[in-house]
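This is coords_14.txt. It holds compact mmCIF, C-alpha atoms and all ligand atoms.
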# COMPACT_ATOMS: atom_id res chain seq x y z
CA MET A 186 0.00 0.00 0.00
CA ALA A 187 1.25 3.47 -0.87
CA THR A 188 1.56 5.94 2.01
CA THR A 189 -1.72 7.82 2.43
CA ILE A 190 -1.21 11.48 1.66
CA PRO A 191 -3.43 13.92 3.52
CA ALA A 192 -5.15 16.44 1.24
CA PRO A 193 -2.97 19.53 0.88
CA THR A 194 -4.11 22.94 1.88
CA THR A 195 -5.51 24.83 -1.09
CA LEU A 196 -3.26 27.04 -3.17
CA GLY A 197 -2.48 30.49 -1.87
CA ALA A 198 -1.10 31.80 1.38
CA SER A 199 -2.31 28.95 3.62
CA ILE A 200 -0.43 26.30 1.64
CA ARG A 201 2.79 27.60 3.21
CA ARG A 202 1.81 25.63 6.31
CA ASP A 203 2.52 22.41 4.40
CA PHE A 204 6.18 23.43 3.97
CA PRO A 205 8.09 23.40 7.26
CA ILE A 206 11.11 25.25 5.86
CA LEU A 207 8.94 28.26 5.05
CA GLN A 208 8.06 28.72 8.71
CA GLN A 209 11.48 30.14 9.55
CA GLU A 210 12.16 33.85 9.97
CA ASN A 211 15.41 35.78 9.87
CA GLU A 212 16.92 37.54 12.89
CA ARG A 213 14.74 40.59 12.12
CA GLY A 214 11.58 38.51 12.29
CA GLN A 215 11.00 38.65 8.50
CA ARG A 216 9.33 35.66 6.89
CA LEU A 217 11.20 33.68 4.24
CA SER A 218 10.15 34.52 0.70
CA PHE A 219 11.69 31.64 -1.20
CA LEU A 220 11.82 32.79 -4.81
CA ASP A 221 14.35 30.29 -6.16
CA SER A 222 12.02 27.40 -6.91
CA ALA A 223 13.24 27.12 -10.52
CA ALA A 224 16.59 26.00 -9.08
CA SER A 225 15.00 23.61 -6.59
CA SER A 226 11.61 23.66 -4.92
CA GLN A 227 10.95 23.24 -1.22
CA LYS A 228 9.38 20.00 0.06
CA PRO A 229 6.02 19.61 1.80
CA GLN A 230 5.81 17.68 5.07
CA VAL A 231 4.09 14.76 3.30
CA VAL A 232 7.17 14.23 1.14
CA ILE A 233 9.53 14.48 4.10
CA ASP A 234 7.30 12.00 5.98
CA ALA A 235 7.16 9.58 3.04
CA VAL A 236 10.97 9.48 2.81
CA SER A 237 11.35 9.26 6.56
CA SER A 238 8.86 6.40 6.98
CA TYR A 239 10.41 4.56 4.05
CA TYR A 240 13.77 4.59 5.87
CA ALA A 241 12.20 3.93 9.28
CA GLU A 242 10.01 1.03 8.17
CA GLU A 243 10.77 -0.37 4.73
CA ASN A 244 14.36 0.27 3.66
CA ALA A 245 16.22 -2.58 1.93
CA ASN A 246 17.92 -3.06 -1.41
CA ILE A 247 15.31 -3.83 -4.05
CA HIS A 248 14.60 -6.49 -6.69
CA ARG A 249 17.18 -9.02 -5.43
CA GLY A 250 16.10 -9.87 -1.87
CA VAL A 251 13.92 -12.88 -1.15
CA TYR A 252 12.79 -11.45 2.16
CA THR A 253 9.80 -9.37 3.15
CA LEU A 254 11.50 -6.01 3.61
CA SER A 255 13.15 -6.18 0.21
CA GLU A 256 9.85 -7.10 -1.37
CA ARG A 257 8.18 -4.15 0.35
CA ALA A 258 10.93 -1.74 -0.74
CA THR A 259 10.61 -3.07 -4.29
CA ALA A 260 6.85 -2.52 -4.17
CA ARG A 261 7.31 1.09 -2.96
CA TYR A 262 9.81 1.76 -5.76
CA GLU A 263 7.54 0.35 -8.45
CA GLU A 264 4.53 2.21 -7.02
CA ALA A 265 6.51 5.42 -7.38
CA ARG A 266 7.18 4.54 -11.03
CA GLN A 267 3.44 4.01 -11.51
CA GLU A 268 2.83 7.41 -9.91
CA VAL A 269 5.23 9.02 -12.40
CA ALA A 270 3.49 7.29 -15.30
CA SER A 271 0.06 8.54 -14.18
CA PHE A 272 1.34 12.07 -13.58
CA ILE A 273 2.61 12.46 -17.15
CA ASN A 274 0.02 10.11 -18.70
CA ALA A 275 2.62 7.63 -19.96
CA ALA A 276 1.25 4.57 -21.75
CA SER A 277 3.14 2.29 -19.33
CA PRO A 278 5.33 2.61 -16.21
CA LYS A 279 8.01 0.78 -18.23
CA GLU A 280 8.45 3.99 -20.19
CA CYS A 281 9.54 5.83 -17.03
CA ILE A 282 13.18 5.49 -16.06
CA PHE A 283 14.46 6.82 -12.77
CA THR A 284 17.53 8.99 -13.13
CA ARG A 285 19.26 11.36 -10.71
CA ASN A 286 17.97 14.46 -12.51
CA THR A 287 17.19 16.01 -15.90
CA THR A 288 20.89 16.25 -16.73
CA GLU A 289 21.37 12.50 -16.38
CA ALA A 290 18.20 11.81 -18.36
CA ILE A 291 19.37 13.92 -21.32
CA ASN A 292 22.87 12.41 -21.20
CA LEU A 293 21.25 8.96 -21.23
CA VAL A 294 19.42 9.76 -24.45
CA ALA A 295 22.39 11.50 -26.10
CA GLN A 296 24.78 8.66 -25.28
CA SER A 297 22.52 5.63 -25.70
CA TRP A 298 20.04 6.58 -28.40
CA GLY A 299 22.40 9.17 -29.89
CA ARG A 300 25.45 6.95 -30.42
CA ALA A 301 23.24 4.27 -31.96
CA ASN A 302 21.39 6.61 -34.32
CA VAL A 303 23.27 9.84 -35.01
CA ARG A 304 25.91 9.68 -37.75
CA ASN A 305 28.69 11.77 -39.19
CA GLY A 306 27.19 14.86 -40.88
CA ASP A 307 23.78 14.60 -39.17
CA LEU A 308 22.20 17.74 -37.74
CA ILE A 309 21.19 18.14 -34.08
CA VAL A 310 18.85 21.07 -33.40
CA ILE A 311 18.70 22.76 -30.00
CA THR A 312 17.70 26.33 -29.12
CA GLU A 313 19.34 29.57 -28.03
CA MET A 314 17.36 29.45 -24.80
CA ASP A 315 18.50 26.00 -23.67
CA HIS A 316 19.99 25.23 -20.27
CA HIS A 317 23.56 23.90 -20.50
CA SER A 318 22.07 20.48 -19.66
CA ASN A 319 20.39 20.42 -23.05
CA ILE A 320 23.45 21.75 -24.88
CA VAL A 321 26.55 20.02 -23.55
CA PRO A 322 25.30 16.38 -23.80
CA TRP A 323 24.55 17.00 -27.50
CA GLN A 324 27.97 18.59 -27.99
CA LEU A 325 29.62 15.50 -26.50
CA LEU A 326 27.62 13.33 -28.90
CA ALA A 327 28.32 15.60 -31.87
CA GLU A 328 32.06 15.50 -31.16
CA ALA A 329 32.04 11.73 -30.84
CA VAL A 330 30.18 11.00 -34.08
CA GLY A 331 30.95 14.06 -36.21
CA ALA A 332 27.46 15.57 -36.14
CA GLU A 333 26.64 19.27 -36.43
CA ILE A 334 24.70 21.37 -33.90
CA ALA A 335 22.51 24.35 -34.76
CA ALA A 336 20.25 26.42 -32.51
CA VAL A 337 16.78 27.83 -33.10
CA GLY A 338 16.96 31.59 -32.55
CA ILE A 339 14.79 33.69 -30.26
CA SER A 340 12.95 36.97 -30.63
CA ASP A 341 13.88 40.02 -28.55
CA ASP A 342 11.03 39.27 -26.16
CA GLY A 343 12.39 35.79 -25.48
CA ARG A 344 10.17 33.58 -27.62
CA LEU A 345 11.42 30.87 -29.94
CA ASP A 346 11.57 32.06 -33.53
CA LEU A 347 9.44 29.47 -35.32
CA GLU A 348 10.66 30.69 -38.74
CA SER A 349 14.19 29.88 -37.66
CA LEU A 350 12.91 26.45 -36.51
CA ASN A 351 11.34 25.90 -39.93
CA ARG A 352 14.58 26.79 -41.70
CA LEU A 353 16.46 24.22 -39.62
CA LEU A 354 13.75 21.59 -40.07
CA ALA A 355 14.10 21.98 -43.84
CA ARG A 356 17.57 20.45 -43.36
CA GLU A 357 15.93 17.30 -41.92
CA PRO A 358 17.69 17.15 -38.55
CA LYS A 359 18.11 13.84 -36.79
CA VAL A 360 17.25 15.29 -33.39
CA VAL A 361 15.29 18.28 -32.11
CA ALA A 362 15.76 18.96 -28.38
CA PHE A 363 14.21 22.00 -26.75
CA PRO A 364 13.10 23.38 -23.38
CA HIS A 365 9.42 23.09 -22.47
CA VAL A 366 9.76 26.25 -20.37
CA SER A 367 12.84 28.47 -20.21
CA ASN A 368 14.48 28.45 -16.78
CA ALA A 369 15.94 31.91 -17.39
CA LEU A 370 13.00 33.72 -19.04
CA GLY A 371 9.90 31.78 -18.05
CA THR A 372 8.87 31.43 -21.72
CA VAL A 373 6.41 28.57 -22.21
CA ASN A 374 7.28 27.19 -25.62
CA PRO A 375 4.53 25.88 -27.92
CA ALA A 376 5.71 22.32 -27.30
CA ALA A 377 2.97 20.41 -29.14
CA GLU A 378 3.42 22.58 -32.25
CA ILE A 379 7.22 22.30 -32.22
CA ILE A 380 6.97 18.53 -31.79
CA ARG A 381 4.43 18.25 -34.61
CA ARG A 382 6.67 20.16 -37.03
CA ALA A 383 9.84 18.33 -35.93
CA LYS A 384 8.20 14.90 -36.29
CA GLN A 385 6.90 15.87 -39.71
CA ALA A 386 10.51 16.67 -40.67
CA GLY A 387 11.50 13.18 -39.51
CA ALA A 388 13.35 14.18 -36.32
CA THR A 389 13.42 12.38 -32.99
CA VAL A 390 12.28 14.87 -30.37
CA LEU A 391 13.36 15.38 -26.77
CA VAL A 392 11.60 17.82 -24.47
CA ASP A 393 13.61 19.20 -21.57
CA SER A 394 10.70 19.56 -19.17
CA ALA A 395 12.77 20.45 -16.10
CA GLN A 396 10.76 23.69 -15.89
CA GLY A 397 7.62 22.44 -17.65
CA THR A 398 6.64 19.62 -15.31
CA PRO A 399 6.70 21.81 -12.16
CA HIS A 400 4.44 24.46 -13.69
CA LEU A 401 2.12 22.86 -16.28
CA PRO A 402 -0.03 19.76 -16.68
CA VAL A 403 2.14 17.40 -18.76
CA ASP A 404 0.60 14.71 -20.97
CA VAL A 405 3.32 12.90 -22.91
CA ARG A 406 0.80 11.12 -25.12
CA ALA A 407 -0.89 14.37 -26.13
CA LEU A 408 2.48 16.07 -26.70
CA GLY A 409 3.64 13.33 -29.05
CA ALA A 410 7.38 13.65 -28.33
CA ASP A 411 9.84 10.74 -28.19
CA PHE A 412 11.60 11.62 -24.92
CA LEU A 413 10.81 13.94 -22.03
CA ALA A 414 13.07 14.62 -19.05
CA PHE A 415 12.40 16.24 -15.69
CA SER A 416 13.90 16.60 -12.21
CA GLY A 417 12.14 15.45 -9.05
CA HIS A 418 13.73 18.14 -6.93
CA LYS A 419 11.90 20.87 -8.87
CA VAL A 420 8.49 19.17 -8.36
CA LEU A 421 8.58 19.20 -4.55
CA ALA A 422 10.47 15.86 -4.39
CA PRO A 423 13.90 15.01 -2.95
CA MET A 424 17.14 15.87 -4.70
CA GLY A 425 18.49 12.79 -6.44
CA SER A 426 15.20 11.89 -8.10
CA GLY A 427 14.69 12.48 -11.81
CA VAL A 428 12.86 10.90 -14.71
CA LEU A 429 13.42 10.05 -18.32
CA TRP A 430 10.22 9.18 -20.12
CA GLY A 431 10.70 7.58 -23.54
CA ARG A 432 8.51 5.84 -26.10
CA LEU A 433 8.68 2.14 -25.32
CA ASP A 434 9.73 1.02 -28.80
CA LEU A 435 12.61 3.51 -28.79
CA LEU A 436 13.75 2.54 -25.30
CA GLN A 437 13.59 -1.17 -26.12
CA ALA A 438 15.85 -0.66 -29.12
CA MET A 439 18.45 1.34 -27.16
CA PRO A 440 21.69 -0.04 -25.72
CA PRO A 441 22.50 0.56 -22.04
CA PHE A 442 23.94 3.87 -20.87
CA LEU A 443 25.71 2.66 -17.71
CA GLY A 444 26.73 -0.95 -17.06
CA GLY A 445 26.63 -2.87 -13.79
CA GLY A 446 24.28 -4.73 -11.49
CA GLY A 447 20.55 -4.69 -12.03
CA MET A 448 20.66 -3.91 -15.77
CA ILE A 449 21.73 -7.31 -17.12
CA ARG A 450 20.03 -10.53 -18.14
CA LYS A 451 23.19 -12.70 -18.16
CA VAL A 452 26.85 -11.88 -17.64
CA GLU A 453 29.75 -13.96 -18.89
CA ILE A 454 33.38 -12.90 -18.75
CA GLY A 455 33.48 -11.95 -22.41
CA ARG A 456 29.98 -10.59 -22.97
CA SER A 457 26.63 -9.78 -21.39
CA THR A 458 23.00 -9.46 -22.38
CA TRP A 459 20.66 -6.75 -21.11
CA ALA A 460 17.56 -6.69 -18.97
CA ASP A 461 14.36 -5.34 -20.44
CA VAL A 462 13.42 -1.67 -19.87
CA PRO A 463 13.26 0.12 -17.52
CA ALA A 464 15.83 -1.98 -15.57
CA ARG A 465 18.28 -1.80 -18.52
CA PHE A 466 18.76 1.90 -17.78
CA GLU A 467 18.92 1.69 -13.99
CA ALA A 468 22.35 0.22 -13.31
CA GLY A 469 23.39 -0.20 -9.69
CA THR A 470 21.41 0.42 -6.52
CA PRO A 471 18.80 3.08 -7.26
CA ALA A 472 17.78 5.99 -5.01
CA VAL A 473 14.72 4.16 -3.68
CA GLY A 474 13.95 6.60 -0.86
CA ASP A 475 14.13 9.53 -3.28
CA ALA A 476 11.82 7.73 -5.72
CA VAL A 477 9.34 7.12 -2.88
CA GLY A 478 9.53 10.85 -2.10
CA LEU A 479 8.93 11.65 -5.76
CA GLY A 480 5.82 9.45 -5.78
CA ALA A 481 4.49 11.30 -2.71
CA ALA A 482 5.25 14.70 -4.28
CA LEU A 483 3.40 13.82 -7.47
CA ARG A 484 0.38 12.60 -5.49
CA TYR A 485 0.40 15.90 -3.59
CA LEU A 486 0.55 17.90 -6.83
CA THR A 487 -2.18 15.78 -8.38
CA ARG A 488 -4.45 16.61 -5.45
CA LEU A 489 -3.64 20.28 -5.88
CA ASP A 490 -4.40 19.83 -9.60
CA MET A 491 -1.72 20.92 -12.04
CA ALA A 492 -4.18 23.07 -14.00
CA ALA A 493 -4.82 25.03 -10.78
CA VAL A 494 -1.08 25.22 -10.07
CA SER A 495 -0.48 26.60 -13.52
CA ALA A 496 -3.28 29.19 -13.20
CA HIS A 497 -2.03 30.22 -9.75
CA GLU A 498 1.51 30.77 -11.03
CA GLU A 499 0.35 32.59 -14.13
CA ALA A 500 -1.73 35.02 -12.05
CA LEU A 501 1.18 35.56 -9.68
CA THR A 502 3.56 36.15 -12.58
CA ARG A 503 1.16 38.67 -14.07
CA TYR A 504 1.04 40.50 -10.73
CA ALA A 505 4.85 40.40 -10.37
CA LEU A 506 5.37 41.73 -13.89
CA GLU A 507 2.97 44.60 -13.10
CA ARG A 508 4.77 45.39 -9.86
CA LEU A 509 8.22 45.33 -11.48
CA ALA A 510 7.01 47.46 -14.40
CA GLU A 511 6.25 50.21 -11.86
CA LEU A 512 9.89 50.33 -10.78
CA PRO A 513 12.06 52.73 -12.79
CA GLY A 514 15.41 51.27 -13.82
CA VAL A 515 14.20 47.65 -13.73
CA THR A 516 14.35 45.74 -17.02
CA VAL A 517 12.46 42.45 -17.24
CA PHE A 518 13.42 39.87 -19.87
CA GLY A 519 11.10 37.39 -21.53
CA PRO A 520 7.56 37.57 -22.91
CA PRO A 521 4.93 39.92 -21.46
CA ALA A 522 2.42 38.51 -18.95
CA GLY A 523 0.21 35.81 -20.38
CA GLU A 524 -0.17 32.11 -20.89
CA ASP A 525 3.30 31.80 -22.36
CA HIS A 526 5.07 33.30 -19.35
CA ALA A 527 5.38 30.80 -16.49
CA GLY A 528 6.53 31.65 -12.97
CA VAL A 529 10.11 32.71 -13.71
CA ILE A 530 11.08 36.37 -13.88
CA SER A 531 14.54 37.51 -14.94
CA PHE A 532 15.46 41.13 -14.50
CA THR A 533 18.28 43.61 -14.19
CA VAL A 534 18.36 46.79 -12.14
CA GLU A 535 20.13 49.75 -13.71
CA GLU A 536 23.56 50.48 -12.22
CA ILE A 537 23.41 47.54 -9.78
CA HIS A 538 25.10 44.21 -10.41
CA PRO A 539 22.62 41.27 -10.32
CA HIS A 540 24.59 39.66 -7.48
CA ASP A 541 24.38 42.86 -5.43
CA VAL A 542 20.61 42.96 -6.01
CA ALA A 543 20.34 39.36 -4.80
CA SER A 544 22.50 40.16 -1.81
CA VAL A 545 20.32 43.09 -0.68
CA LEU A 546 17.22 40.92 -1.23
CA ASN A 547 18.77 38.22 0.95
CA GLY A 548 19.12 40.82 3.72
CA GLU A 549 15.31 41.13 3.56
CA ASN A 550 14.91 37.31 3.65
CA VAL A 551 13.94 37.21 -0.03
CA ALA A 552 15.85 34.35 -1.67
CA VAL A 553 16.52 34.80 -5.41
CA ARG A 554 19.24 33.65 -7.78
CA ALA A 555 21.68 35.78 -9.74
CA GLY A 556 23.98 34.71 -12.55
CA HIS A 557 23.78 33.21 -16.01
CA HIS A 558 21.35 30.48 -14.86
CA CYS A 559 23.35 27.86 -16.83
CA CYS A 560 22.24 29.65 -20.02
CA GLN A 561 25.37 31.38 -21.28
CA PRO A 562 24.32 31.35 -24.97
CA LEU A 563 20.99 32.94 -23.98
CA MET A 564 22.73 35.61 -21.91
CA ALA A 565 24.99 36.36 -24.88
CA ARG A 566 21.91 36.69 -27.11
CA LEU A 567 20.29 39.07 -24.61
CA GLY A 568 23.53 41.05 -24.32
CA VAL A 569 23.92 40.62 -20.56
CA VAL A 570 26.33 38.56 -18.47
CA ALA A 571 23.85 37.88 -15.71
CA THR A 572 20.35 38.61 -14.44
CA THR A 573 18.59 38.35 -11.11
CA ARG A 574 15.85 35.72 -11.21
CA ALA A 575 12.76 35.30 -9.05
CA SER A 576 10.84 32.07 -9.55
CA PHE A 577 7.62 30.71 -8.09
CA SER A 578 6.12 27.44 -6.95
CA VAL A 579 2.81 26.35 -5.46
CA TYR A 580 3.60 28.06 -2.13
CA SER A 581 4.50 31.48 -3.59
CA ASP A 582 2.00 34.28 -2.99
CA ARG A 583 1.41 37.99 -3.54
CA ASP A 584 3.11 38.83 -0.29
CA ASP A 585 6.32 37.30 -1.70
CA VAL A 586 5.96 39.53 -4.78
CA ASP A 587 5.36 42.66 -2.69
CA ARG A 588 8.39 41.86 -0.56
CA LEU A 589 10.44 41.33 -3.74
CA ALA A 590 9.41 44.73 -5.14
CA GLU A 591 10.08 46.50 -1.84
CA ALA A 592 13.49 44.87 -1.49
CA ILE A 593 14.43 45.94 -5.04
CA MET A 594 13.49 49.51 -4.11
CA LYS A 595 15.66 49.21 -1.03
CA ALA A 596 18.59 48.06 -3.20
CA GLN A 597 18.04 51.10 -5.41
CA ARG A 598 18.07 53.42 -2.38
CA ILE A 599 21.25 51.83 -1.00
CA PHE A 600 23.11 52.04 -4.29
CA ALA A 601 21.89 55.57 -5.05
CA ALA A 602 23.32 56.84 -1.75
N1 LIG A 701 16.97 22.09 -17.94
C1 LIG A 701 16.38 23.17 -17.41
C2 LIG A 701 15.45 23.99 -18.24
C3 LIG A 701 16.61 23.49 -16.07
O1 LIG A 701 16.03 24.55 -15.53
C4 LIG A 701 17.48 22.67 -15.31
C5 LIG A 701 17.78 22.99 -13.85
N2 LIG A 701 18.12 24.31 -13.59
C6 LIG A 701 18.06 21.56 -15.91
C7 LIG A 701 17.78 21.30 -17.23
C8 LIG A 701 18.97 20.66 -15.18
O2 LIG A 701 18.32 20.08 -14.10
P1 LIG A 701 19.15 19.22 -13.05
O3 LIG A 701 20.20 20.14 -12.50
O4 LIG A 701 18.15 18.82 -12.04
O5 LIG A 701 19.74 18.09 -13.78
Is it possible to express this structure as structure tokens?
Amino acid sequence: MATTIPAPTTLGASIRRDFPILQQENERGQRLSFLDSAASSQKPQVVIDAVSSYYAEENANIHRGVYTLSERATARYEEARQEVASFINAASPKECIFTRNTTEAINLVAQSWGRANVRNGDLIVITEMDHHSNIVPWQLLAEAVGAEIAAVGISDDGRLDLESLNRLLAREPKVVAFPHVSNALGTVNPAAEIIRRAKQAGATVLVDSAQGTPHLPVDVRALGADFLAFSGHKVLAPMGSGVLWGRLDLLQAMPPFLGGGGMIRKVEIGRSTWADVPARFEAGTPAVGDAVGLGAALRYLTRLDMAAVSAHEEALTRYALERLAELPGVTVFGPPAGEDHAGVISFTVEEIHPHDVASVLNGENVAVRAGHHCCQPLMARLGVVATTRASFSVYSDRDDVDRLAEAIMKAQRIFAA
């Protein structure tokens, strides 16, 4: 039996009660406004409890033990896989491979599927707004096999240029890999449309949904992609949990990524044969406790309802963009408020370095990130070296946005003095 998850508090201010870490205040009695959820979200008590009771009551290595605890741990692990499959509407849990994070999931595809299918002279298409995790794995593949990489351009307001996509698709790329939602701009890309066009051009398509899955309802069957990757730690789950979803026929035809225990059918000194998927791609002892935590997090989000999560974050983003627009000297990057701007806001403040902005905000107990956000090509395109980024999750509220705006004004006062 899966751990029973109590119904979460509804979205909005009261949901903060579900997240113990948000109860802390700084030495000046200011509440914590955690606005770095795009980097990693906080965890509700139900997730912490699920991990804790797994270790307190059920922990054992899985799949190999012929004793009760091992069977129970195996059942918890496979239930979590089922939970992942339901959350993204996969056709089968076998299509869901546990990885450490999005980065590992993309490397798995690039190395396993890529080395088997991408040849000298083939074209790999990524985008100018990709995270380094969806750039470097393809570069490693391209270098190994002699393929070429080209990037879809973006418009000045941070949207993918679909004409530029079309021009690249005319060259019949082998792979199209793109971000569902930009971690640096908040742009929600028209994933279904991009996938449709890329498939029509004969490409295999990977969606980097590290920022899509936390903010939008994701239905892999409706999207029609071949692979989709996301990180557990951004969807309220423990660090160390991630997922690669892939179409079963593709996964079944792929060679292993890592070799070792758990992924084999038979090993002889000279050669080995492989287990079926998903075990083929889960070499070694997996992070069972983290997977259990991921299952609990996805149940919690399902009860909140991802459509409601998405609407909540969109409304909050709209409010934040309005508030920041009132501040002279603040430049916001990315699309204007609307359905294609998810809860990530990147900005610069005139005459103040993004790190200094973040540092003043930290003094007010407002946690944001500053830097290139692992998107150096995007920063180069925007003509900046860094931005300050505020990002939302289910527990973010208008008070967080007001505190952000007030802290920016404080930074402006300090640096004007
Ligand atoms: N892609 C995007 C769009 C991301 O935002 C991130 C995390 N910042 C990643 C990939 C990599 O995720 P992880 O570090 O969990 O592997």
Residues within 6 Å of ligand LIG 701 (chain A), counting all atoms listed in the file: report them as a PDB file with C-alpha atoms, in the coordinates of the input.
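Writing the result to selection-v5.pdb gives the following:
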ATOM      1  CA  ALA A 224      16.590  26.000  -9.080  1.00  0.00           C
ATOM      2  CA  ASN A 286      17.970  14.460 -12.510  1.00  0.00           C
ATOM      3  CA  THR A 287      17.190  16.010 -15.900  1.00  0.00           C
ATOM      4  CA  THR A 288      20.890  16.250 -16.730  1.00  0.00           C
ATOM      5  CA  HIS A 316      19.990  25.230 -20.270  1.00  0.00           C
ATOM      6  CA  SER A 318      22.070  20.480 -19.660  1.00  0.00           C
ATOM      7  CA  PRO A 364      13.100  23.380 -23.380  1.00  0.00           C
ATOM      8  CA  SER A 367      12.840  28.470 -20.210  1.00  0.00           C
ATOM      9  CA  ASN A 368      14.480  28.450 -16.780  1.00  0.00           C
ATOM     10  CA  ASP A 393      13.610  19.200 -21.570  1.00  0.00           C
ATOM     11  CA  ALA A 395      12.770  20.450 -16.100  1.00  0.00           C
ATOM     12  CA  GLN A 396      10.760  23.690 -15.890  1.00  0.00           C
ATOM     13  CA  SER A 416      13.900  16.600 -12.210  1.00  0.00           C
TER      14      SER A 416
END
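The space between CA of Ala235 (chain A) and CA of Val462 (chain A) spans 26.3 Å.
Residues surrounding Gln324 (chain A) within 10 Å are Ala295, Ile309, Asn319, Ile320, Glu328, Ala329, Val330, Gly331, Ala332, Glu333 and Ile334 of chain A [all atoms listed in the file; sequence separation below 4 positions excluded].
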CA of Val231 (chain A) to CA of Phe204 (chain A), distance in Å rounded to a single decimal: 8.9 Å
Report as AutoDock Vina command-line options the centre and the edge lengths, in Å to one decimal, of the axis-aligned box holding every listed atom of region 457-461 of chain A, padded by 3 Å on each side.
--center_x 20.5 --center_y -7.6 --center_z -20.7 --size_x 18.3 --size_y 10.4 --size_z 9.4
Contacts of Thr572 (chain A) within 12 Å, all atoms listed in the file, excl. fewer than 6 positions in-chain, as an NGL selection string: :A and (368-370 or 515-519 or 529-535 or 537-543 or 553-561 or 563-565)
For CA of Leu413 (chain A) and CA of Leu429 (chain A), the interatomic separation in Å (one decimal): 6.0 Å
Please, which residues in region 251-318 of chain A fall within 10 Å of region 372-391 of chain A when counting only C-alpha atoms, and what is the closest atom pair and distance in Å to one decimal for each, ordered by chain then residue number, as CSV?
residue,atom,partner,partner_atom,distance
A:Ile291,CA,A:Leu391,CA,8.2
A:Val294,CA,A:Leu391,CA,8.6
A:Ala295,CA,A:Leu391,CA,9.9
A:Trp298,CA,A:Thr389,CA,9.9
A:Asn302,CA,A:Thr389,CA,9.9
A:Leu308,CA,A:Ala388,CA,9.6
A:Ile309,CA,A:Ala388,CA,9.1
A:Val310,CA,A:Ala388,CA,9.3
A:Ile311,CA,A:Leu391,CA,9.7
A:Met314,CA,A:Thr372,CA,9.2
Spatial sel., origin (26.1, 9.7, -31.5), limit 6 Å, all atoms listed in the file, listed as number ranges by chain: A: 299-300, 303, 326, 330
Those same residues - C-alpha atoms - I'd like them written as an mmCIF file, in the frame of the given file.
data_model
loop_
_atom_site.group_PDB
_atom_site.id
_atom_site.type_symbol
_atom_site.label_atom_id
_atom_site.label_comp_id
_atom_site.auth_asym_id
_atom_site.auth_seq_id
_atom_site.Cartn_x
_atom_site.Cartn_y
_atom_site.Cartn_z
ATOM 1 C CA GLY A 299 22.400 9.170 -29.890
ATOM 2 C CA ARG A 300 25.450 6.950 -30.420
ATOM 3 C CA VAL A 303 23.270 9.840 -35.010
ATOM 4 C CA LEU A 326 27.620 13.330 -28.900
ATOM 5 C CA VAL A 330 30.180 11.000 -34.080
#
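Of the listed residues A:Ala290, A:Val337, A:Val366, A:Met448, the one whose atoms come nearest to Gly431 (chain A) is A:Ala290, with distances taken using only C-alpha atoms.
For the choices A:Lys359, A:Arg588, A:Arg344, A:Arg566, the atom-to-atom distance to Pro520 (chain A) is smallest for A:Arg344 when using all atoms listed in the file.
If only C-alpha atoms are the atoms counted, then among A:Tyr504, A:Arg249, A:Gly548, A:Arg304 the closest residue to Asp584 (chain A) is A:Tyr504.
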Option closest in space to Ala460 (chain A), from A:Gly474, A:Ala482, A:Asp585, A:Met439 [counting only C-alpha atoms]: A:Met439
Region 561-570 of chain A rebuilt with N, CA and C atoms, output as a compact mmCIF listing (two decimals), in the coordinates of the input:
# COMPACT_ATOMS: atom_id res chain seq x y z
N GLN A 561 24.44 30.38 -20.76
CA GLN A 561 25.37 31.38 -21.28
C GLN A 561 25.05 31.81 -22.71
N PRO A 562 24.69 30.87 -23.62
CA PRO A 562 24.32 31.35 -24.97
C PRO A 562 23.11 32.30 -24.95
N LEU A 563 22.15 32.05 -24.07
CA LEU A 563 20.99 32.94 -23.98
C LEU A 563 21.41 34.31 -23.46
N MET A 564 22.26 34.33 -22.44
CA MET A 564 22.73 35.61 -21.91
C MET A 564 23.46 36.40 -23.01
N ALA A 565 24.26 35.69 -23.80
CA ALA A 565 24.99 36.36 -24.88
C ALA A 565 23.99 36.95 -25.87
N ARG A 566 22.94 36.20 -26.18
CA ARG A 566 21.91 36.69 -27.11
C ARG A 566 21.20 37.93 -26.57
N LEU A 567 20.98 37.94 -25.23
CA LEU A 567 20.29 39.07 -24.61
C LEU A 567 21.24 40.24 -24.36
N GLY A 568 22.55 39.99 -24.51
CA GLY A 568 23.53 41.05 -24.32
C GLY A 568 23.78 41.39 -22.86
N VAL A 569 23.62 40.40 -21.98
CA VAL A 569 23.92 40.62 -20.56
C VAL A 569 24.82 39.48 -20.09
N VAL A 570 25.54 39.69 -18.98
CA VAL A 570 26.33 38.56 -18.47
C VAL A 570 25.55 37.80 -17.40
